[in-house]
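Worksheet for the structure shown next.
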Amino acid sequence: MTMPPVFFPDDLISVVFSVLPVKSLVRFRCLSKSCDSLISDPIFVKFHLKRSSIRNPVLTINTQHIKQIPGDFLCEIQWEVDECVVPCPVSRLIDNPSLTLFIDPCYQWNIDQIWGRIVGVCNGLICLCGESFNFIHSYPEYWLRLCNPATRITSPRFGYFPYINHGDDSYGYSFGCDSSTDTYKVVAFKHIPDPFTTDVRILSLGDNVWRNLESFPVIPLRLGYEEKDVYFSGTLNWLAIHNMQLYNFKDITVEQFVIVSLDLATETYHQYRLPNGFDEVPSKEPTIGVLGDFLCFSYSYRETDFVIWQMKKFGVEDSWTQFLKISYQDLQIDYDFNDVTTKYRFQLMPMLLCEDEDMLILKSGQDLQVILYNLRENRVVRTDISVSRTPTDNRTSDHVAWNFFKGSVESLVPVF
């Protein structure tokens, strides 16, 4: 007796597919037109992204491969740097803190450009910025690209604009999503020394037109440097200081610190005070980030403890709650803070909170490595990530560029 075919409702298939990795879903698109239609549907893409954010956190690591190239003369040596994005599932890192990652040549993005860097990571998309020389008009120009490491798709170049000399600083960039319309936006900014202000521009993907934006009401710290901006809940956020003319950390008071936030939907700024418990300027500048579902603020307290606060309700200054205060001794950090080199390089940055909020991932600027801290067991594990060009290559000479190390997710979000 032949059994009749079994049919599953589309809603059930959608739920089952939403827990699958992107690599499997890309293959399933070839099964049938209905599967392709479901997996490509923007509603399903958003549903899958939401579940991936909870289930499958990924660390986005920037690697550098330095090659020695003979120069024009016998004694001349030139150096060429290949940069690449390497996704690292957090579960793999926790299971094997000494793992080796393999580089995908698909994301060795500076093959056809003079210069490039990562702008930001949002919803599984990585935004890259490059600079090349326009030989027709005889000036350098900037441009952008999006790539999705999970689907292995990279967009064409877009967002061209010429280099404009407003002092010596180059443009910094931030990348995020207007969650009210699912519109991705890039913000470009730089200092203008006289008068002391900022040139800010914004580009909405799809429009591909740079628009002028109001200058920052408060000048962010380290404007244009990596990892100094934070995307959270449809906003871009920077740590800033009121009445800052020249950056002199010794003369700053805690009352001057503030978070300046750009709402990507309204394209307007807001300012938020830091927690009342932050009552002493640390020797190393504090940082902001995202842990779990909350914006966080962290700093070194008297060079003995590391403190993290969470803003439990975004935009509500009274909702700051101390999440963690842990001694450097418990983190197995024993540095001579009187040493100038240590003072310059040492900085802890919280990166991710995972494993049912039991595992905190920290980046150590001094050791150029990642620290896994189990909050429940008060246990510390030091990681040792190496990078190889191929699975059969035993040489792990590639340098993990810890200047860019972000939490992300795998997603089906298209790059254009």
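How things are named: the first chain in the structure tokens is A, the next is B, and so on; residues count from 1 in each chain; ligands count from 1 in the order shown.
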Within 9 Å of Val26 in chain A, counting only C-alpha atoms, which residues qualify if same-chain residues fewer than 3 places away don't, as a ChimeraX atom specification?
-> /A:21-23,29-30,36,39,151,412
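For Ile308 in chain A, the set of protein, DNA and RNA residues having any atom at most 6 Å away, when counting only C-alpha atoms and skipping those fewer than 3 positions along the same chain, is Phe297, Ser298, Phe323 and Leu324 of chain A.
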Using all heavy atoms, can you write the selected residues to a file as a short mmCIF file (atom, residue, chain, number, x, y, z; two decimals), in the first residue's frame?
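That gives us part_13.cif:
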data_model
loop_
_atom_site.label_atom_id
_atom_site.label_comp_id
_atom_site.auth_asym_id
_atom_site.auth_seq_id
_atom_site.Cartn_x
_atom_site.Cartn_y
_atom_site.Cartn_z
N PHE A 297 28.74 50.20 29.79
CA PHE A 297 29.81 51.15 30.01
C PHE A 297 30.81 50.49 30.95
O PHE A 297 30.43 49.94 31.99
CB PHE A 297 29.25 52.44 30.65
CG PHE A 297 30.29 53.40 31.16
CD1 PHE A 297 31.12 54.07 30.28
CD2 PHE A 297 30.43 53.65 32.52
CE1 PHE A 297 32.08 54.96 30.74
CE2 PHE A 297 31.37 54.54 32.99
CZ PHE A 297 32.20 55.20 32.09
N SER A 298 32.10 50.49 30.59
CA SER A 298 33.09 49.77 31.38
C SER A 298 34.35 50.60 31.55
O SER A 298 34.68 51.44 30.71
CB SER A 298 33.43 48.42 30.74
OG SER A 298 33.92 48.60 29.42
N PHE A 323 26.63 45.77 36.56
CA PHE A 323 26.55 44.37 36.16
C PHE A 323 27.67 43.54 36.75
O PHE A 323 27.47 42.39 37.16
CB PHE A 323 26.59 44.29 34.63
CG PHE A 323 26.76 42.89 34.08
CD1 PHE A 323 25.73 41.98 34.15
CD2 PHE A 323 27.98 42.51 33.52
CE1 PHE A 323 25.90 40.69 33.65
CE2 PHE A 323 28.15 41.23 33.02
CZ PHE A 323 27.11 40.32 33.08
N LEU A 324 28.87 44.11 36.83
CA LEU A 324 30.02 43.32 37.27
C LEU A 324 31.09 44.25 37.83
O LEU A 324 31.36 45.31 37.27
CB LEU A 324 30.60 42.53 36.09
CG LEU A 324 31.84 41.68 36.34
CD1 LEU A 324 31.49 40.48 37.22
CD2 LEU A 324 32.47 41.22 35.03
#
DSSP on the backbone, then: every residue of range 162-321 of chain A marked strand (DSSP E), written as a PyMOL selection string. chain A and resi 162+172-178+183-192+197-204+210-213+229-232+235-241+257-263+268-272+287-291+294-301+305-311+320-321
- [ ] Name all residues at most 8 Å from range 212-222 of chain A (count only C-alpha atoms; drop same-chain ones fewer than 3 positions away) and give them as a PyMOL selection string.
- [x] chain A and resi 197-202+225+228+238-244+260+267+269
From CA of Ile192 in chain A to CA of Val230 in chain A the spacing works out at 22.3 Å
Counting only C-alpha atoms, what is within 6 Å of range 85-101 of chain A, bar same-chain residues fewer than 4 positions away, as a tab-separated table (two decimals) with all heavy atoms, in the first residue's frame?
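Printed below is part-v1.tsv as written:
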chain	number	residue	atom	x	y	z
A	57	PRO	N	25.83	33.28	18.22
A	57	PRO	CA	26.73	34.44	18.13
A	57	PRO	C	28.04	34.07	17.44
A	57	PRO	O	28.54	32.96	17.55
A	57	PRO	CB	26.97	34.82	19.59
A	57	PRO	CG	26.71	33.57	20.36
A	57	PRO	CD	25.64	32.83	19.60
A	58	VAL	N	28.56	35.02	16.68
A	58	VAL	CA	29.79	34.83	15.92
A	58	VAL	C	30.72	36.00	16.21
A	58	VAL	O	30.28	37.14	16.32
A	58	VAL	CB	29.49	34.76	14.40
A	58	VAL	CG1	30.79	34.68	13.60
A	58	VAL	CG2	28.60	33.57	14.09
A	59	LEU	N	32.00	35.72	16.33
A	59	LEU	CA	33.00	36.78	16.47
A	59	LEU	C	33.57	37.07	15.09
A	59	LEU	O	33.96	36.16	14.36
A	59	LEU	CB	34.12	36.34	17.41
A	59	LEU	CG	33.69	36.05	18.85
A	59	LEU	CD1	34.87	35.53	19.66
A	59	LEU	CD2	33.11	37.28	19.51
A	60	THR	N	33.59	38.33	14.72
A	60	THR	CA	34.15	38.75	13.44
A	60	THR	C	35.55	39.29	13.69
A	60	THR	O	35.74	40.30	14.35
A	60	THR	CB	33.27	39.84	12.80
A	60	THR	OG1	31.95	39.32	12.63
A	60	THR	CG2	33.83	40.23	11.45
A	61	ILE	N	36.54	38.57	13.16
A	61	ILE	CA	37.94	38.88	13.42
A	61	ILE	C	38.60	39.37	12.14
A	61	ILE	O	38.38	38.83	11.06
A	61	ILE	CB	38.67	37.63	13.95
A	61	ILE	CG1	38.00	37.14	15.24
A	61	ILE	CG2	40.15	37.93	14.21
A	61	ILE	CD1	38.52	35.81	15.71
A	62	ASN	N	39.42	40.40	12.27
A	62	ASN	CA	40.19	40.93	11.14
A	62	ASN	C	41.61	40.34	11.22
A	62	ASN	O	42.27	40.44	12.24
A	62	ASN	CB	40.22	42.46	11.24
A	62	ASN	CG	41.00	43.11	10.12
A	62	ASN	OD1	41.48	44.21	10.28
A	62	ASN	ND2	41.13	42.46	8.98
A	107	TYR	N	37.15	36.66	1.08
A	107	TYR	CA	37.07	37.89	1.86
A	107	TYR	C	38.44	38.51	2.10
A	107	TYR	O	38.67	39.18	3.09
A	107	TYR	CB	36.33	37.61	3.16
A	107	TYR	CG	34.94	37.14	2.87
A	107	TYR	CD1	34.56	35.83	3.09
A	107	TYR	CD2	34.02	38.00	2.26
A	107	TYR	CE1	33.29	35.39	2.75
A	107	TYR	CE2	32.76	37.57	1.92
A	107	TYR	CZ	32.40	36.27	2.16
A	107	TYR	OH	31.16	35.83	1.80
A	383	THR	N	42.62	32.39	25.74
A	383	THR	CA	42.53	31.78	24.41
A	383	THR	C	43.83	31.98	23.64
A	383	THR	O	44.64	32.84	23.96
A	383	THR	CB	41.37	32.40	23.61
A	383	THR	OG1	41.64	33.79	23.40
A	383	THR	CG2	40.06	32.22	24.35
A	384	ASP	N	43.97	31.18	22.62
A	384	ASP	CA	45.15	31.27	21.74
A	384	ASP	C	44.68	31.00	20.31
A	384	ASP	O	44.78	29.88	19.82
A	384	ASP	CB	46.22	30.27	22.18
A	384	ASP	CG	47.48	30.38	21.34
A	384	ASP	OD1	47.68	31.43	20.71
A	384	ASP	OD2	48.26	29.41	21.31
A	385	ILE	N	44.17	32.03	19.66
A	385	ILE	CA	43.64	31.89	18.31
A	385	ILE	C	44.77	32.07	17.29
A	385	ILE	O	45.50	33.05	17.33
A	385	ILE	CB	42.53	32.91	18.03
A	385	ILE	CG1	41.37	32.73	19.02
A	385	ILE	CG2	42.01	32.80	16.61
A	385	ILE	CD1	40.29	33.75	18.88
A	386	SER	N	44.90	31.11	16.39
A	386	SER	CA	45.86	31.24	15.30
A	386	SER	C	45.10	31.15	13.98
A	386	SER	O	43.95	30.70	13.93
A	386	SER	CB	46.93	30.15	15.38
A	386	SER	OG	46.34	28.87	15.36
A	387	VAL	N	45.76	31.58	12.91
A	387	VAL	CA	45.11	31.64	11.61
A	387	VAL	C	46.00	30.96	10.57
A	387	VAL	O	47.22	31.16	10.56
A	387	VAL	CB	44.85	33.10	11.18
A	387	VAL	CG1	44.17	33.15	9.82
A	387	VAL	CG2	43.99	33.80	12.22
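Going from CA of Thr321 in chain A over to CA of Leu352 in chain A, you cover 17.6 Å.
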| said: I'd like the contact shell of Leu262 in chain A - 6 Å cut-off, only C-alpha atoms, skipping same-chain residues fewer than 2 positions apart - returned as JSON, numbers by chain. | reply: {"A": [235, 236, 268, 269]}
Write the residues you've just listed into a file as an mmCIF file, in the first residue's frame, and include C-alpha atoms for each of them.
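As a result, result36.cif now contains:
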data_model
loop_
_atom_site.group_PDB
_atom_site.id
_atom_site.type_symbol
_atom_site.label_atom_id
_atom_site.label_comp_id
_atom_site.auth_asym_id
_atom_site.auth_seq_id
_atom_site.Cartn_x
_atom_site.Cartn_y
_atom_site.Cartn_z
ATOM 1 C CA THR A 235 21.301 54.005 17.036
ATOM 2 C CA LEU A 236 25.021 54.725 16.782
ATOM 3 C CA THR A 268 18.951 63.392 15.379
ATOM 4 C CA TYR A 269 21.327 63.332 18.358
#
Ser388 in chain A proximity check over A:Ile13, A:Cys35, A:Met359, A:Ile103, using only C-alpha atoms: winner is A:Ile103
Just want the 12 Å neighbourhood of Val307 in chain A, counted on only C-alpha atoms, with same-chain residues fewer than 4 positions away dropped. Output as a CSV table (one decimal) with all heavy atoms, in the first residue's frame.
chain,number,residue,atom,x,y,z
A,275,PRO,N,26.6,56.5,34.6
A,275,PRO,CA,26.1,56.1,36.0
A,275,PRO,C,26.6,57.0,37.1
A,275,PRO,O,27.8,57.4,37.0
A,275,PRO,CB,26.5,54.6,36.2
A,275,PRO,CG,27.2,54.2,34.9
A,275,PRO,CD,27.3,55.4,34.0
A,277,GLY,N,27.5,56.0,39.9
A,277,GLY,CA,28.6,55.3,40.6
A,277,GLY,C,29.9,55.5,39.9
A,277,GLY,O,31.0,55.1,40.5
A,278,PHE,N,29.9,56.1,38.7
A,278,PHE,CA,31.2,56.4,38.1
A,278,PHE,C,31.7,57.8,38.6
A,278,PHE,O,31.3,58.8,38.2
A,278,PHE,CB,31.0,56.5,36.5
A,278,PHE,CG,32.1,56.9,35.7
A,278,PHE,CD1,33.3,56.2,35.8
A,278,PHE,CD2,32.1,58.1,34.9
A,278,PHE,CE1,34.4,56.6,35.0
A,278,PHE,CE2,33.2,58.4,34.2
A,278,PHE,CZ,34.3,57.7,34.2
A,282,PRO,N,39.2,57.2,35.4
A,282,PRO,CA,40.2,56.2,35.3
A,282,PRO,C,41.5,56.6,34.6
A,282,PRO,O,41.5,57.6,33.9
A,282,PRO,CB,39.5,55.0,34.6
A,282,PRO,CG,38.5,55.7,33.7
A,282,PRO,CD,38.1,57.0,34.5
A,286,PRO,N,37.6,55.0,29.5
A,286,PRO,CA,36.6,54.0,29.5
A,286,PRO,C,36.0,53.7,28.1
A,286,PRO,O,36.4,54.3,27.2
A,286,PRO,CB,35.5,54.6,30.4
A,286,PRO,CG,35.7,56.1,30.3
A,286,PRO,CD,37.2,56.3,30.0
A,287,THR,N,35.2,52.7,28.1
A,287,THR,CA,34.6,52.2,26.8
A,287,THR,C,33.1,52.0,26.9
A,287,THR,O,32.6,51.8,28.0
A,287,THR,CB,35.3,51.0,26.2
A,287,THR,OG1,35.0,49.9,27.1
A,287,THR,CG2,36.8,51.2,26.1
A,288,ILE,N,32.4,52.0,25.8
A,288,ILE,CA,31.0,51.6,25.7
A,288,ILE,C,30.9,50.4,24.8
A,288,ILE,O,31.8,50.2,23.9
A,288,ILE,CB,30.1,52.7,25.3
A,288,ILE,CG1,30.4,53.2,23.9
A,288,ILE,CG2,30.0,53.8,26.4
A,288,ILE,CD1,29.4,54.2,23.4
A,296,CYS,N,26.3,49.0,27.4
A,296,CYS,CA,27.1,48.9,28.6
A,296,CYS,C,28.2,49.9,28.6
A,296,CYS,O,28.6,50.5,27.6
A,296,CYS,CB,27.7,47.5,28.8
A,296,CYS,SG,28.9,47.0,27.6
A,297,PHE,N,28.7,50.2,29.8
A,297,PHE,CA,29.8,51.2,30.0
A,297,PHE,C,30.8,50.5,30.9
A,297,PHE,O,30.4,49.9,32.0
A,297,PHE,CB,29.2,52.4,30.6
A,297,PHE,CG,30.3,53.4,31.2
A,297,PHE,CD1,31.1,54.1,30.3
A,297,PHE,CD2,30.4,53.6,32.5
A,297,PHE,CE1,32.1,55.0,30.7
A,297,PHE,CE2,31.4,54.5,33.0
A,297,PHE,CZ,32.2,55.2,32.1
A,298,SER,N,32.1,50.5,30.6
A,298,SER,CA,33.1,49.8,31.4
A,298,SER,C,34.4,50.6,31.6
A,298,SER,O,34.7,51.4,30.7
A,298,SER,CB,33.4,48.4,30.7
A,298,SER,OG,33.9,48.6,29.4
A,299,TYR,N,35.1,50.3,32.6
A,299,TYR,CA,36.3,51.1,32.9
A,299,TYR,C,37.1,50.4,34.0
A,299,TYR,O,36.6,49.5,34.7
A,299,TYR,CB,35.9,52.5,33.4
A,299,TYR,CG,35.0,52.6,34.6
A,299,TYR,CD1,35.6,52.7,35.9
A,299,TYR,CD2,33.7,52.5,34.5
A,299,TYR,CE1,34.7,52.7,37.0
A,299,TYR,CE2,32.8,52.6,35.6
A,299,TYR,CZ,33.3,52.7,36.8
A,299,TYR,OH,32.5,52.7,37.9
A,300,SER,N,38.4,50.8,34.1
A,300,SER,CA,39.3,50.3,35.1
A,300,SER,C,39.1,51.2,36.4
A,300,SER,O,39.3,52.4,36.3
A,300,SER,CB,40.7,50.3,34.6
A,300,SER,OG,41.6,49.9,35.7
A,301,TYR,N,38.9,50.5,37.5
A,301,TYR,CA,38.7,51.3,38.8
A,301,TYR,C,40.0,51.2,39.6
A,301,TYR,O,40.3,50.1,40.1
A,301,TYR,CB,37.5,50.7,39.6
A,301,TYR,CG,37.3,51.4,40.9
A,301,TYR,CD1,36.8,52.7,40.9
A,301,TYR,CD2,37.5,50.8,42.1
A,301,TYR,CE1,36.6,53.4,42.1
A,301,TYR,CE2,37.4,51.4,43.3
A,301,TYR,CZ,36.9,52.7,43.3
A,301,TYR,OH,36.7,53.3,44.5
A,302,ARG,N,40.7,52.3,39.7
A,302,ARG,CA,41.9,52.4,40.5
A,302,ARG,C,42.9,51.3,40.2
A,302,ARG,O,43.7,50.9,41.1
A,302,ARG,CB,41.6,52.3,42.0
A,302,ARG,CG,40.7,53.5,42.4
A,302,ARG,CD,40.5,53.6,43.9
A,302,ARG,NE,39.7,54.8,44.3
A,302,ARG,CZ,39.4,55.1,45.5
A,302,ARG,NH1,39.8,54.4,46.5
A,302,ARG,NH2,38.6,56.2,45.7
A,303,GLU,N,42.9,50.8,39.0
A,303,GLU,CA,43.9,49.8,38.5
A,303,GLU,C,43.9,48.5,39.3
A,303,GLU,O,44.9,47.8,39.4
A,303,GLU,CB,45.3,50.4,38.4
A,303,GLU,CG,45.4,51.6,37.4
A,303,GLU,CD,46.7,52.2,37.4
A,303,GLU,OE1,47.5,52.0,38.3
A,303,GLU,OE2,46.9,53.1,36.5
A,321,THR,N,22.7,50.1,35.9
A,321,THR,CA,22.8,49.1,36.9
A,321,THR,C,24.2,48.4,36.8
A,321,THR,O,24.6,48.0,35.7
A,321,THR,CB,21.7,48.0,36.8
A,321,THR,OG1,20.4,48.6,36.8
A,321,THR,CG2,21.8,47.0,37.9
A,322,GLN,N,24.9,48.3,38.0
A,322,GLN,CA,26.2,47.7,37.9
A,322,GLN,C,26.0,46.2,37.6
A,322,GLN,O,25.4,45.5,38.4
A,322,GLN,CB,26.9,47.9,39.2
A,322,GLN,CG,28.4,47.4,39.2
A,322,GLN,CD,29.2,47.9,40.4
A,322,GLN,OE1,29.5,49.1,40.6
A,322,GLN,NE2,29.6,46.9,41.2
A,323,PHE,N,26.6,45.8,36.6
A,323,PHE,CA,26.5,44.4,36.2
A,323,PHE,C,27.7,43.5,36.8
A,323,PHE,O,27.5,42.4,37.2
A,323,PHE,CB,26.6,44.3,34.6
A,323,PHE,CG,26.8,42.9,34.1
A,323,PHE,CD1,25.7,42.0,34.1
A,323,PHE,CD2,28.0,42.5,33.5
A,323,PHE,CE1,25.9,40.7,33.7
A,323,PHE,CE2,28.2,41.2,33.0
A,323,PHE,CZ,27.1,40.3,33.1
A,324,LEU,N,28.9,44.1,36.8
A,324,LEU,CA,30.0,43.3,37.3
A,324,LEU,C,31.1,44.2,37.8
A,324,LEU,O,31.4,45.3,37.3
A,324,LEU,CB,30.6,42.5,36.1
A,324,LEU,CG,31.8,41.7,36.3
A,324,LEU,CD1,31.5,40.5,37.2
A,324,LEU,CD2,32.5,41.2,35.0
A,325,LYS,N,31.7,43.8,38.9
A,325,LYS,CA,32.9,44.4,39.4
A,325,LYS,C,33.8,43.3,39.9
A,325,LYS,O,33.5,42.6,40.8
A,325,LYS,CB,32.6,45.4,40.6
A,325,LYS,CG,33.9,46.1,41.1
A,325,LYS,CD,33.6,47.0,42.3
A,325,LYS,CE,34.9,47.7,42.7
A,325,LYS,NZ,34.6,48.7,43.8
A,326,ILE,N,34.9,43.1,39.1
A,326,ILE,CA,35.8,42.0,39.4
A,326,ILE,C,37.2,42.5,39.5
A,326,ILE,O,37.6,43.4,38.7
A,326,ILE,CB,35.6,41.0,38.2
A,326,ILE,CG1,36.5,39.7,38.5
A,326,ILE,CG2,35.9,41.5,36.9
A,326,ILE,CD1,36.2,38.6,37.6
A,327,SER,N,38.0,41.9,40.4
A,327,SER,CA,39.3,42.3,40.6
A,327,SER,C,40.2,41.7,39.4
A,327,SER,O,39.9,40.7,38.8
A,327,SER,CB,39.9,41.8,41.9
A,327,SER,OG,40.0,40.4,41.9
A,328,TYR,N,41.3,42.4,39.1
A,328,TYR,CA,42.2,41.9,38.1
A,328,TYR,C,42.9,40.6,38.6
A,328,TYR,O,43.3,39.8,37.8
A,328,TYR,CB,43.3,43.0,37.8
A,328,TYR,CG,42.7,44.1,37.0
A,328,TYR,CD1,42.9,45.4,37.4
A,328,TYR,CD2,42.0,43.9,35.9
A,328,TYR,CE1,42.4,46.5,36.7
A,328,TYR,CE2,41.4,45.0,35.2
A,328,TYR,CZ,41.7,46.3,35.6
A,328,TYR,OH,41.1,47.3,34.9
A,348,LEU,N,40.9,46.5,28.9
A,348,LEU,CA,39.9,45.4,28.7
A,348,LEU,C,38.7,46.0,28.1
A,348,LEU,O,38.2,47.0,28.4
A,348,LEU,CB,39.6,44.8,30.1
A,348,LEU,CG,40.6,43.9,30.7
A,348,LEU,CD1,40.0,43.4,32.1
A,348,LEU,CD2,40.9,42.7,29.8
A,349,MET,N,38.1,45.2,27.2
A,349,MET,CA,36.9,45.6,26.5
A,349,MET,C,35.9,44.3,26.5
A,349,MET,O,36.3,43.3,26.0
A,349,MET,CB,37.1,46.0,25.1
A,349,MET,CG,37.9,47.3,25.0
A,349,MET,SD,38.0,47.9,23.3
A,349,MET,CE,36.3,48.3,22.9
A,350,PRO,N,34.7,44.5,27.1
A,350,PRO,CA,33.8,43.4,27.0
A,350,PRO,C,33.2,43.3,25.6
A,350,PRO,O,32.9,44.3,24.9
A,350,PRO,CB,32.7,43.8,28.0
A,350,PRO,CG,32.8,45.3,28.1
A,350,PRO,CD,34.2,45.6,27.8
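Among the candidates A:Val16, A:Ile361, A:Val370, A:Ile259, the residue lying nearest to Gly315 in chain A is A:Ile259 (atoms considered: only C-alpha atoms).
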#### Entry: Coordinates-based distance that separates CA of Phe158 in chain A from CA of Tyr142 in chain A (Å, one decimal)
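Between these atoms lies a distance of 9.2 Å.
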| Could you pull the residues within 7 Å of Leu205 in chain A, counting only C-alpha atoms, minus those fewer than 2 positions along the same chain, as a list of chain:residue names? |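 The residues satisfying every condition are A:Thr183, A:Tyr184, A:Lys185, A:Leu203, A:Asp207, A:Asn208.
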